[in-house]
Protein chains: 2
Amino acid sequence: MTRSLFAPSARLAGGWAERVSFELDADGLILAATPDSAPAEGAERLSGPVVPGQPNLHSHAFQRAMAGLAERVDPDRSGGSGDSFWTWRETMYRFLGRLGPEELEAVAAQLYVEMLEAGYTAVGEFHYLHHDPSGAAYGQPAEMALRVLAAGGRTGIGLTLLPVLYGYGGFGGAPAGAGQRRFLNEPEALLTIVEAARAAAGDDSRLRVGLAPHSLRAVTPDSLEAALDGLAALDPAAPVHIHVAEQTREVEDCLAWSGRRPVRWLLDRGLPDRRWCLVHATHMTDDETRDLAASGAVAGLCPTTEANLGDGLFPAPGYLAAGGAWGVGSDSHVSVDPVEELRWLEYGQRLVLRRRNVLAGPSGHLGEDLWAAAAAGGAQALGQPAGALAPGRRADLVVLDDGLPCLAGRRGPALIDALVFAGNRRAVRDVMVAGRWCVRDGRHVAREAVRADFDAALAALGA
Amino acid sequence: MTRSLFAPSARLAGGWAERVSFELDADGLILAATPDSAPAEGAERLSGPVVPGQPNLHSHAFQRAMAGLAERVDPDRSGGSGDSFWTWRETMYRFLGRLGPEELEAVAAQLYVEMLEAGYTAVGEFHYLHHDPSGAAYGQPAEMALRVLAAGGRTGIGLTLLPVLYGYGGFGGAPAGAGQRRFLNEPEALLTIVEAARAAAGDDSRLRVGLAPHSLRAVTPDSLEAALDGLAALDPAAPVHIHVAEQTREVEDCLAWSGRRPVRWLLDRGLPDRRWCLVHATHMTDDETRDLAASGAVAGLCPTTEANLGDGLFPAPGYLAAGGAWGVGSDSHVSVDPVEELRWLEYGQRLVLRRRNVLAGPSGHLGEDLWAAAAAGGAQALGQPAGALAPGRRADLVVLDDGLPCLAGRRGPALIDALVFAGNRRAVRDVMVAGRWCVRDGRHVAREAVRADFDAALAALGA
């Protein structure tokens, strides 16, 4: 049983094409994408130009409920230092003290609705909120993980769940603090959660389960090895994500502990490969940059969160020159908009390097190059068969509203340049994941019901 | 004849207030703003929290039609340098060869509609496209200036028209090139345009006329003095804008010509004062930064355009520490969104300085501080009685949609923090300028008619 779609134009894996017929199977996989064609009989006609949906490779869903609350200086606490860490931490602790399974599911579903409406079609959930507020496991230890999966199922987004291995408070097995009690698991207990999530995901082609060592600060070499071995026994190709080299302090601490910088530590163990996503990877030497690019792993860049936190800038020119794969994530969700991530990934580089078109790729059209590279790298990082409109990939796609003023008169590569460099969220009209419409005319099909639950959750959280 | 508005909450000049009654006169000036009040009889009830409209202090309207077209590397022209200057220049020349009075009015009106829908309530038009494509003056030499005023009148935006003095191609009176022939005027001819524009503006409280020496590259000391003297004779308080210190090359050329950096050159002549707006002012020494702040002039910051061009970063910490006034402009219109300008003004600083809350002000709520400072500085730069909701100021205001998910549950200062750091364009519901509704429920009241003319202009331009 196949199904046909017809698009006036589409950005296929090889570039822009006109009058494209897509044939899909019953699971929403693309069987064929044929340019310069006439619509098949009974084909569904898409209302505008089509681009691949963008994967969002790094999300902490619960932080969505806190977005925008941390932009404060508390004069009583910060000592005039200009840092708002204390007010942010208090806010987070208040949330964590109240956030139960229902609230997590409601917040995650709201977030995924917003992602879909912005053109994200898949998400990697870096999930570390495992236990109840006292730190005790729930009766079903995978309770919180299953709630994230439920939010994914309710909204229709492609979801790669990455249960997080978090065991320690610092390098070399330093004990964790009370604020981290909801996060902690031994590798064995974490693998139980991974197994339960895999069982719940079943054979839904939109769902995938991997694992995420939180950071080299939060694991030991032994616990890391145990978790990776256990994961490989379940699924040898499962995605592995880790936070790494986000701030200079972490690099210094890792050097003090091991004599190696964190990215080098991973490389020396031979770990990063095509299954891996190194999130942030902000502070790397030229050699680390080149070797990470050559490893086949994906760099998980989070431009808006990294700018919000003042982390510093990814060494993009060297990484791209060495052929490195990358994608973007909205991380703390101060922005839920792939256009803002891509635009400001490039603009951050321009501001520091004082030149233009830093991330230009093969097409010479920077917007198109950025969108295509991030889609391919993001899909690889999530282990999802998406990231391009091509046979064998899933029909995850965004139909643009080319009637929007900022896109008026633009076609093909110039259209996607305008989307990335002059567009805004209104440009996303319809969004499909695995052949199913999640967003029509800018609205998620379950927007109102999901929102009602989100409002109830915010009330329960005292937000 | 007065009129009453009632807002559930509003950001007044002194901070957030609940249950605010506004009394307006027939010209849309605020007579009173009373917190903790009951609605007056017959008061119009506003549907959400109210913030001051944001002035946009720097615009080149015609560039709106080119936004997003310049993000290309032409491999045949750039020599692989990663710069897209040649393709950008070709695009601009093609536009300039075809852009007549009708097209300019249509493009400007479309731009101003988008500005209003995004929450900008006034604009400073840095207007240098004076002559016909051959470089000859139009029959009415102020033709193009009058078209910009007409676009302002059609859309209802507050408009400060700044006819540009452009006489030379480089420091010290170097001759201008053929590509600049539409821009050139002697001071006397330019003042004729200023007078014609003043006559057309009449006593409309939303319109103001000033003058803009393009840059120190484009004038001589004598022509600058003649233009400023002529302007002062017409209106001693008229705004004066100038591009300055945008790129390091300009600083070096100015040093070679005069032995002074460009901001220092202006300061040494005693020119910058509260009437002046120095646009960009990116490359300043610590002394220039402090002295410019003390002069009372406004720094005109254009974060998205400056990032797009890779100009570098404004020395914000020193400027703010010295009490300098500033506002934002969308300049080349790669973005038409005050939220993006303010957010990335702060984020650009964070990325380079590697700390948070760089631009924090008196309230400790960074979003509120940024919005209020930019509104006040922008209104000063435009010479418009706006920029705050207070008696004696014009009723230029934005009603926010606090039902938007990213604003859900936020009130008062936390609401405007969420707007600036987690919001998007959908947050703007209704927009009023001088007591008149320009935008209702996110749509400009003349959106469709203006758009039809814009589409016709784009077709004429071959865009």
# chains A, B, ... in the order shown; residues from 1 in each chain; ligands from 1
$ residues_around --residues "Ile157 of chain B" --least-positions-apart "3" --cutoff "6 Å" --atoms "only C-alpha atoms" --output "list in words"
Thr121, Ala122 and Gly152 of chain B
$ interface_residues --of "chain B" --to "chain A" --cutoff "7 Å" --atoms "only C-alpha atoms" --output "PyMOL selection string"
chain B and resi 67-69+71-74+82-83+307-313+334-335+347+350-352+354-358+364-366+409+414+417-418+421-422+463
$ select_by_dssp --residues "segment 117-233 of chain A" --states "strand (DSSP E)" --output "list in words"
Tyr120, Thr121, Ala122, Val123, Gly124, Glu125, Phe126, His127, Gly158, Leu159, Thr160, Leu161, Leu162, Pro163, Val164, Leu165, Leu207, Arg208, Val209, Ala212 and Pro213 of chain A
$ write_last_selection --atoms "all heavy atoms" --output "compact mmCIF listing (two decimals), in the first residue's frame"
# COMPACT_ATOMS: atom_id res chain seq x y z
N TYR A 120 11.12 21.49 13.56
CA TYR A 120 11.90 20.33 14.04
C TYR A 120 11.02 19.09 13.91
O TYR A 120 9.88 19.08 14.40
CB TYR A 120 12.27 20.49 15.51
CG TYR A 120 13.35 21.49 15.84
CD1 TYR A 120 13.10 22.54 16.72
CD2 TYR A 120 14.64 21.36 15.32
CE1 TYR A 120 14.10 23.45 17.07
CE2 TYR A 120 15.64 22.27 15.67
CZ TYR A 120 15.37 23.30 16.54
OH TYR A 120 16.35 24.19 16.90
N THR A 121 11.56 18.02 13.34
CA THR A 121 10.77 16.81 13.16
C THR A 121 11.27 15.64 14.00
O THR A 121 10.65 14.57 13.99
CB THR A 121 10.73 16.41 11.68
OG1 THR A 121 12.06 16.48 11.16
CG2 THR A 121 9.83 17.35 10.90
N ALA A 122 12.39 15.80 14.68
CA ALA A 122 12.89 14.76 15.58
C ALA A 122 13.67 15.43 16.70
O ALA A 122 14.17 16.55 16.53
CB ALA A 122 13.79 13.78 14.82
N VAL A 123 13.78 14.73 17.81
CA VAL A 123 14.46 15.32 18.96
C VAL A 123 15.25 14.24 19.70
O VAL A 123 14.81 13.09 19.80
CB VAL A 123 13.45 16.00 19.91
CG1 VAL A 123 12.39 15.01 20.42
CG2 VAL A 123 14.14 16.66 21.11
N GLY A 124 16.42 14.63 20.21
CA GLY A 124 17.20 13.75 21.08
C GLY A 124 17.03 14.22 22.51
O GLY A 124 17.43 15.32 22.87
N GLU A 125 16.37 13.39 23.32
CA GLU A 125 16.08 13.80 24.69
C GLU A 125 17.17 13.24 25.61
O GLU A 125 17.24 12.04 25.86
CB GLU A 125 14.69 13.31 25.10
CG GLU A 125 14.20 13.84 26.41
CD GLU A 125 14.12 15.36 26.49
OE1 GLU A 125 13.70 16.00 25.50
OE2 GLU A 125 14.51 15.91 27.54
N PHE A 126 17.98 14.14 26.12
CA PHE A 126 19.11 13.83 27.01
C PHE A 126 18.50 13.81 28.42
O PHE A 126 18.45 14.83 29.11
CB PHE A 126 20.14 14.94 26.84
CG PHE A 126 21.55 14.64 27.30
CD1 PHE A 126 22.53 14.29 26.37
CD2 PHE A 126 21.91 14.75 28.63
CE1 PHE A 126 23.85 14.08 26.79
CE2 PHE A 126 23.22 14.53 29.05
CZ PHE A 126 24.20 14.18 28.12
N HIS A 127 18.07 12.62 28.80
CA HIS A 127 17.10 12.50 29.90
C HIS A 127 17.77 12.05 31.20
O HIS A 127 18.17 10.89 31.33
CB HIS A 127 16.03 11.48 29.48
CG HIS A 127 15.13 11.09 30.61
ND1 HIS A 127 14.27 11.99 31.19
CD2 HIS A 127 14.98 9.92 31.27
CE1 HIS A 127 13.62 11.37 32.18
NE2 HIS A 127 14.04 10.11 32.25
N GLY A 158 9.62 12.52 15.89
CA GLY A 158 10.64 11.49 15.98
C GLY A 158 11.43 11.71 17.26
O GLY A 158 11.83 12.84 17.55
N LEU A 159 11.65 10.63 18.03
CA LEU A 159 12.25 10.82 19.36
C LEU A 159 13.33 9.78 19.59
O LEU A 159 13.09 8.58 19.48
CB LEU A 159 11.16 10.69 20.43
CG LEU A 159 11.63 10.69 21.89
CD1 LEU A 159 12.25 12.02 22.27
CD2 LEU A 159 10.46 10.38 22.83
N THR A 160 14.53 10.26 19.90
CA THR A 160 15.59 9.38 20.37
C THR A 160 15.80 9.67 21.85
O THR A 160 16.22 10.76 22.23
CB THR A 160 16.89 9.61 19.58
OG1 THR A 160 16.66 9.22 18.22
CG2 THR A 160 18.03 8.79 20.16
N LEU A 161 15.43 8.69 22.67
CA LEU A 161 15.55 8.85 24.12
C LEU A 161 16.93 8.39 24.56
O LEU A 161 17.36 7.28 24.24
CB LEU A 161 14.47 8.02 24.81
CG LEU A 161 14.48 8.17 26.34
CD1 LEU A 161 13.94 9.53 26.75
CD2 LEU A 161 13.66 7.06 26.99
N LEU A 162 17.60 9.26 25.30
CA LEU A 162 18.96 8.99 25.74
C LEU A 162 19.01 9.03 27.27
O LEU A 162 19.34 10.07 27.87
CB LEU A 162 19.91 10.04 25.15
CG LEU A 162 19.91 10.09 23.61
CD1 LEU A 162 20.25 11.48 23.10
CD2 LEU A 162 20.88 9.05 23.06
N PRO A 163 18.67 7.91 27.94
CA PRO A 163 18.77 7.90 29.40
C PRO A 163 20.22 8.19 29.82
O PRO A 163 21.16 7.66 29.23
CB PRO A 163 18.33 6.48 29.77
CG PRO A 163 17.50 6.03 28.61
CD PRO A 163 18.16 6.65 27.41
N VAL A 164 20.34 9.06 30.81
CA VAL A 164 21.66 9.60 31.14
C VAL A 164 22.28 8.85 32.31
O VAL A 164 21.66 8.66 33.36
CB VAL A 164 21.54 11.10 31.49
CG1 VAL A 164 22.84 11.63 32.09
CG2 VAL A 164 21.16 11.89 30.24
N LEU A 165 23.54 8.44 32.10
CA LEU A 165 24.34 7.86 33.17
C LEU A 165 24.99 8.99 33.96
O LEU A 165 25.81 9.73 33.43
CB LEU A 165 25.43 6.96 32.59
CG LEU A 165 26.36 6.33 33.65
CD1 LEU A 165 25.59 5.32 34.51
CD2 LEU A 165 27.56 5.66 32.98
N LEU A 207 10.71 6.06 16.97
CA LEU A 207 11.32 6.04 18.30
C LEU A 207 12.62 5.25 18.29
O LEU A 207 12.73 4.21 17.65
CB LEU A 207 10.33 5.44 19.31
CG LEU A 207 8.97 6.14 19.42
CD1 LEU A 207 8.09 5.45 20.45
CD2 LEU A 207 9.14 7.62 19.76
N ARG A 208 13.59 5.75 19.03
CA ARG A 208 14.88 5.09 19.15
C ARG A 208 15.37 5.30 20.57
O ARG A 208 15.08 6.32 21.19
CB ARG A 208 15.87 5.73 18.16
CG ARG A 208 17.21 5.02 18.04
CD ARG A 208 17.14 3.94 16.99
NE ARG A 208 18.26 3.00 17.08
CZ ARG A 208 19.26 2.92 16.19
NH1 ARG A 208 19.28 3.73 15.17
NH2 ARG A 208 20.22 2.01 16.34
N VAL A 209 16.14 4.36 21.09
CA VAL A 209 16.69 4.49 22.44
C VAL A 209 18.20 4.32 22.38
O VAL A 209 18.70 3.37 21.77
CB VAL A 209 16.07 3.46 23.41
CG1 VAL A 209 16.63 3.67 24.83
CG2 VAL A 209 14.54 3.59 23.42
N ALA A 212 23.31 8.10 27.30
CA ALA A 212 24.17 9.29 27.37
C ALA A 212 24.94 9.34 28.68
O ALA A 212 24.36 9.62 29.73
CB ALA A 212 23.32 10.55 27.24
N PRO A 213 26.24 9.04 28.64
CA PRO A 213 27.07 9.41 29.79
C PRO A 213 26.96 10.94 29.93
O PRO A 213 27.18 11.65 28.94
CB PRO A 213 28.48 9.00 29.38
CG PRO A 213 28.34 8.23 28.10
CD PRO A 213 27.01 8.56 27.50
$ closest_residue --among "A:Ala151, A:Met92, A:Ala109, A:Leu57" --to "Gly383 of chain A" --atoms "only C-alpha atoms"
A:Leu57
$ atom_distance --atom1 "atom CA of Ser332 of chain A" --atom2 "atom CA of Phe62 of chain A"
8.6 Å
$ atom_distance --atom1 "atom CA of Ala7 of chain B" --atom2 "atom CA of Val113 of chain B"
24.2 Å
